[in-house]
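Okay, so here's the structure we're looking at.
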Number of protein chains: 2
Amino acid sequence: MSRERNGGTPLAERTSAAKGLADRLRRVGQRVTPQRLVILGTLSPGAHLSADDVFARVETHLPGVNRSTVYRTLELFGDLGLISVTDLGGGARVFELIDEPHHHLICHRCGAILELDDALVDPLRVAIRARYGFVPAVDHLALFGFCAACATATNG
Amino acid sequence: MSRERNGGTPLAERTSAAKGLADRLRRVGQRVTPQRLVILGTLSPGAHLSADDVFARVETHLPGVNRSTVYRTLELFGDLGLISVTDLGGGARVFELIDEPHHHLICHRCGAILELDDALVDPLRVAIRARYGFVPAVDHLALFGFCAACATATNG
DNA sequence: CCGATAGATGCAAACTATCGCATCTGCATG
DNA sequence: CATGCAGATGCGATAGTTTGCATCTATCGG
Ligand SMILES: [Zn+2]
Ligand SMILES: [Zn+2]
Ligand SMILES: [Zn+2]
Ligand SMILES: [Zn+2]
């Protein structure tokens with residue numbers, strides 16, 4: 001193992017995704033740790049993972065990692081805008097690497113989940129920015145309500 | 001107390017708000033219980049109450065009521081569209097009786113909370129309904145992002 | 001008004017998430 | 001490469017939320 005120390009670059013950092021994260025963390029004054037790199041590695045765009053899902057996957061690569069670290073790191077990544085954090089009503093919040101924004105409509109009555117086109121959401125983003133100077137990070141919205149079927153069933 | 005049974009109308013139901021709720025519950029096939037009436041009574045438009053706030057208030061009127069009942073009832077009311085359920089990032093979700101919709105913008109970096117005019121949100125509501133037939137219940141949105149000050153600080 | 005029953009509540013345990021503090025480590029400095 | 005320290009992690013405690021099950025009750029039919 002003494003030959004592994006190739007020029008100071010940490011082991012886990014030698015993939016493009018990890019390299020990108022490492023740079024990004026350093027740029028905002030955050031430290032690069034093995035835990036953070038592995039936790040990021042378990043996330044991907046399009047996958048809704050719970051904190052426990054992430055913990056389970058991370059544990060196989062980094063035995064001994066702690067749940068608190070997973071939670072704290074996921075919160076950090078959320079604050080940095082790297083991942084979305086969403087309550088889809090399934091008991092635990094889900095985390096997802098941000099790529100193209102996408103959103104969900106969830107029926108209060110039957111639980112159906114539809115996908116919502118970001119094109120409908122973008123005007124809101126723009127309007128908020130124009131009116132308040134606030135830059136919203138709406139990459140993965142979950143809106144509750146009633147699907148077409150349940151809406152008519154409820155009223156009639 | 002034997003003279004209290006006035007025509008089968010339960011004790012707690014003799015206020016206009018409670019009467020309205022009782023009717024509404026029966027209309028959707030839900031039972032009317034003292035717990036539900038008192039829990040609704042603790043909520044009001046404009047007040048952000050946590051589940052624990054609600055529990056504390058309910059307990060003074062109904063000693064012995066259980067936390068689970070409060071949680072289950074709040075979820076029921078949320079599903080029925082009576083109250084909004086929102087994660088403002090403060091640790092516990094907040095519940096509020098629905099009246100006029102209002103929304104919040106929350107800064108990831110400094111924690112500032114601005115109010116968001118529903119006029120900016122309404123077009124989204126309308127567009128979703130038009131496109132999907134889905135009737136969204138967006139009465140109390142919480143959108144995270146960066147406030148004007150923090151947005152410039154982060155980029156520059 | 002009584003009895004039957006679907007469904008609500010109480011209770012305890014499990015699950016989800018956060019926090020304080022001691023220890024460890026990434027990173028800067030010389 | 002050694003040293004120092006701010007900050008990250010591990011750990012246990014605590015807060016917040018959900019669930020399974022036994023019991024109780026609102027509601028309905030008689
Ligand atoms: Zn999604
Ligand atoms: Zn539905
Ligand atoms: Zn509010
Ligand atoms: Zn801010």
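How things are named: the first chain in the structure tokens is A, the next is B, and so on; residues count from 1 in each chain; ligands count from 1 in the order shown.
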
Exercise for the section: Tell me which protein, DNA and RNA residues are within 10 Å of DT17 in chain D, counting only C-alpha atoms (C1' of nucleotides), leaving out same-chain ones fewer than 4 positions away, and put them as a ChimeraX atom specification. Expected result: /A:91-92 /B:51,67-68,71,92 /C:15-17

Could those residues be written to a file, using N, CA, C and O atoms (P, O5', C5', C4', C3', O3' and C1' of nucleotides), as a tab-separated table (two decimals), in the first residue's frame?
chain	number	residue	atom	x	y	z
A	91	GLY	N	-43.15	8.72	3.33
A	91	GLY	CA	-42.59	8.45	4.63
A	91	GLY	C	-41.21	9.03	4.82
A	91	GLY	O	-40.93	9.70	5.79
A	92	ALA	N	-40.32	8.79	3.86
A	92	ALA	CA	-38.97	9.34	3.95
A	92	ALA	C	-38.70	10.23	2.75
A	92	ALA	O	-39.16	9.96	1.64
B	51	ALA	N	-46.83	19.83	14.80
B	51	ALA	CA	-47.67	18.77	15.35
B	51	ALA	C	-47.64	18.82	16.87
B	51	ALA	O	-48.65	18.59	17.53
B	67	ARG	N	-50.59	11.31	20.81
B	67	ARG	CA	-49.86	11.95	19.71
B	67	ARG	C	-50.21	11.32	18.37
B	67	ARG	O	-50.37	12.01	17.37
B	68	SER	N	-50.27	10.00	18.33
B	68	SER	CA	-50.57	9.32	17.07
B	68	SER	C	-51.87	9.82	16.46
B	68	SER	O	-51.98	10.02	15.26
B	71	TYR	N	-51.27	13.13	14.85
B	71	TYR	CA	-50.59	12.98	13.56
B	71	TYR	C	-51.53	12.42	12.50
B	71	TYR	O	-51.59	12.91	11.38
B	92	ALA	N	-39.48	20.70	12.09
B	92	ALA	CA	-40.79	20.05	12.10
B	92	ALA	C	-41.71	20.70	11.08
B	92	ALA	O	-41.67	21.92	10.87
C	15	DC	P	-37.82	-0.91	11.99
C	15	DC	O5'	-37.96	0.54	11.33
C	15	DC	C5'	-39.24	0.95	10.86
C	15	DC	C4'	-39.24	2.44	10.70
C	15	DC	C3'	-38.01	3.02	9.98
C	15	DC	O3'	-38.50	3.81	8.91
C	15	DC	C1'	-38.53	4.27	11.89
C	16	DT	P	-37.48	4.34	7.74
C	16	DT	O5'	-37.31	5.89	8.13
C	16	DT	C5'	-38.45	6.73	8.11
C	16	DT	C4'	-38.07	8.11	8.57
C	16	DT	C3'	-36.80	8.69	7.94
C	16	DT	O3'	-37.13	9.97	7.42
C	16	DT	C1'	-36.74	8.92	10.28
C	17	DA	P	-35.99	10.85	6.66
C	17	DA	O5'	-35.40	11.72	7.86
C	17	DA	C5'	-36.27	12.63	8.53
C	17	DA	C4'	-35.50	13.35	9.61
C	17	DA	C3'	-34.19	13.99	9.18
C	17	DA	O3'	-34.34	15.39	9.36
C	17	DA	C1'	-33.97	12.87	11.27

Exercise for the section: Determine which residues of chain B sit within 7 Å of chain A, taking into account only C-alpha atoms, and present them as a ChimeraX atom specification. Expected result: /B:79,108,120-121,124,127,133-138,143-148,151

Exercise for the section: May I ask for the distance between CA of Asp52 in chain B and CA of Ala142 in chain A, given in Å to one decimal place? Expected result: 24.5 Å

Exercise for the section: Write out as a ChimeraX atom specification each polymer residue whose atoms come within 7 Å of range 36-43 of chain A, counting only C-alpha atoms (C1' of nucleotides); drop sequence neighbours fewer than 2 positions from it. Expected result: /A:12,18,32-34,54,57-58,73,96-97

With N, CA and C atoms retained, could you export that selection as a PDB file, in the first residue's frame?
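Everything below was put into again.pdb:
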ATOM      1  N   ALA A  12     -10.105   8.009  -3.692  1.00  0.00           N
ATOM      2  CA  ALA A  12     -11.478   7.997  -4.206  1.00  0.00           C
ATOM      3  C   ALA A  12     -11.735   9.087  -5.238  1.00  0.00           C
ATOM      4  N   ALA A  18     -16.138  12.313  -9.428  1.00  0.00           N
ATOM      5  CA  ALA A  18     -15.545  12.628  -8.136  1.00  0.00           C
ATOM      6  C   ALA A  18     -14.627  13.840  -8.254  1.00  0.00           C
ATOM      7  N   VAL A  32     -12.823  18.068   1.076  1.00  0.00           N
ATOM      8  CA  VAL A  32     -13.083  16.861   0.300  1.00  0.00           C
ATOM      9  C   VAL A  32     -12.749  15.653   1.173  1.00  0.00           C
ATOM     10  N   THR A  33     -13.747  14.832   1.453  1.00  0.00           N
ATOM     11  CA  THR A  33     -13.528  13.651   2.289  1.00  0.00           C
ATOM     12  C   THR A  33     -13.999  12.406   1.541  1.00  0.00           C
ATOM     13  N   PRO A  34     -13.463  11.245   1.918  1.00  0.00           N
ATOM     14  CA  PRO A  34     -13.901  10.004   1.267  1.00  0.00           C
ATOM     15  C   PRO A  34     -15.411   9.821   1.394  1.00  0.00           C
ATOM     16  N   VAL A  54     -29.247   5.387   0.597  1.00  0.00           N
ATOM     17  CA  VAL A  54     -27.901   5.916   0.412  1.00  0.00           C
ATOM     18  C   VAL A  54     -26.960   5.305   1.444  1.00  0.00           C
ATOM     19  N   ARG A  57     -25.962   1.731   0.603  1.00  0.00           N
ATOM     20  CA  ARG A  57     -24.998   1.630  -0.498  1.00  0.00           C
ATOM     21  C   ARG A  57     -23.621   2.127  -0.090  1.00  0.00           C
ATOM     22  N   VAL A  58     -23.610   3.212   0.648  1.00  0.00           N
ATOM     23  CA  VAL A  58     -22.325   3.781   1.070  1.00  0.00           C
ATOM     24  C   VAL A  58     -21.584   2.801   1.972  1.00  0.00           C
ATOM     25  N   THR A  73     -24.227  15.087   5.148  1.00  0.00           N
ATOM     26  CA  THR A  73     -23.669  15.286   3.813  1.00  0.00           C
ATOM     27  C   THR A  73     -24.776  15.530   2.791  1.00  0.00           C
ATOM     28  N   GLU A  96     -31.833  13.074  -4.940  1.00  0.00           N
ATOM     29  CA  GLU A  96     -31.553  12.781  -6.347  1.00  0.00           C
ATOM     30  C   GLU A  96     -30.523  13.767  -6.881  1.00  0.00           C
ATOM     31  N   LEU A  97     -29.563  13.256  -7.621  1.00  0.00           N
ATOM     32  CA  LEU A  97     -28.574  14.112  -8.257  1.00  0.00           C
ATOM     33  C   LEU A  97     -29.279  14.987  -9.273  1.00  0.00           C
TER      34      LEU A  97
END

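Every residue of chain D that lies within 8 Å of chain A is listed here, counting only C-alpha atoms (C1' of nucleotides): D:DT9, D:DG10, D:DT18.
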
Problem - Residues within 9 Å of Arg93 in chain A, only C-alpha atoms (C1' of nucleotides), excluding chain neighbours under 5 positions, as a ChimeraX atom specification - result: /A:48-51,85-88

Exercise for the section: Identify, on the basis of only C-alpha atoms (C1' of nucleotides), every residue whose closest approach to DT3 in chain D does not exceed 12 Å; exclude the query and any residue fewer than 4 positions from it along the same chain; express the result as a ChimeraX atom specification. Expected result: /C:27-30

Exercise for the section: Pull out every residue of chain C that has at least one atom within 8 Å of chain B, counting only C-alpha atoms (C1' of nucleotides), and report them as a VMD selection string. Expected result: chain C and resid 9 to 10 18
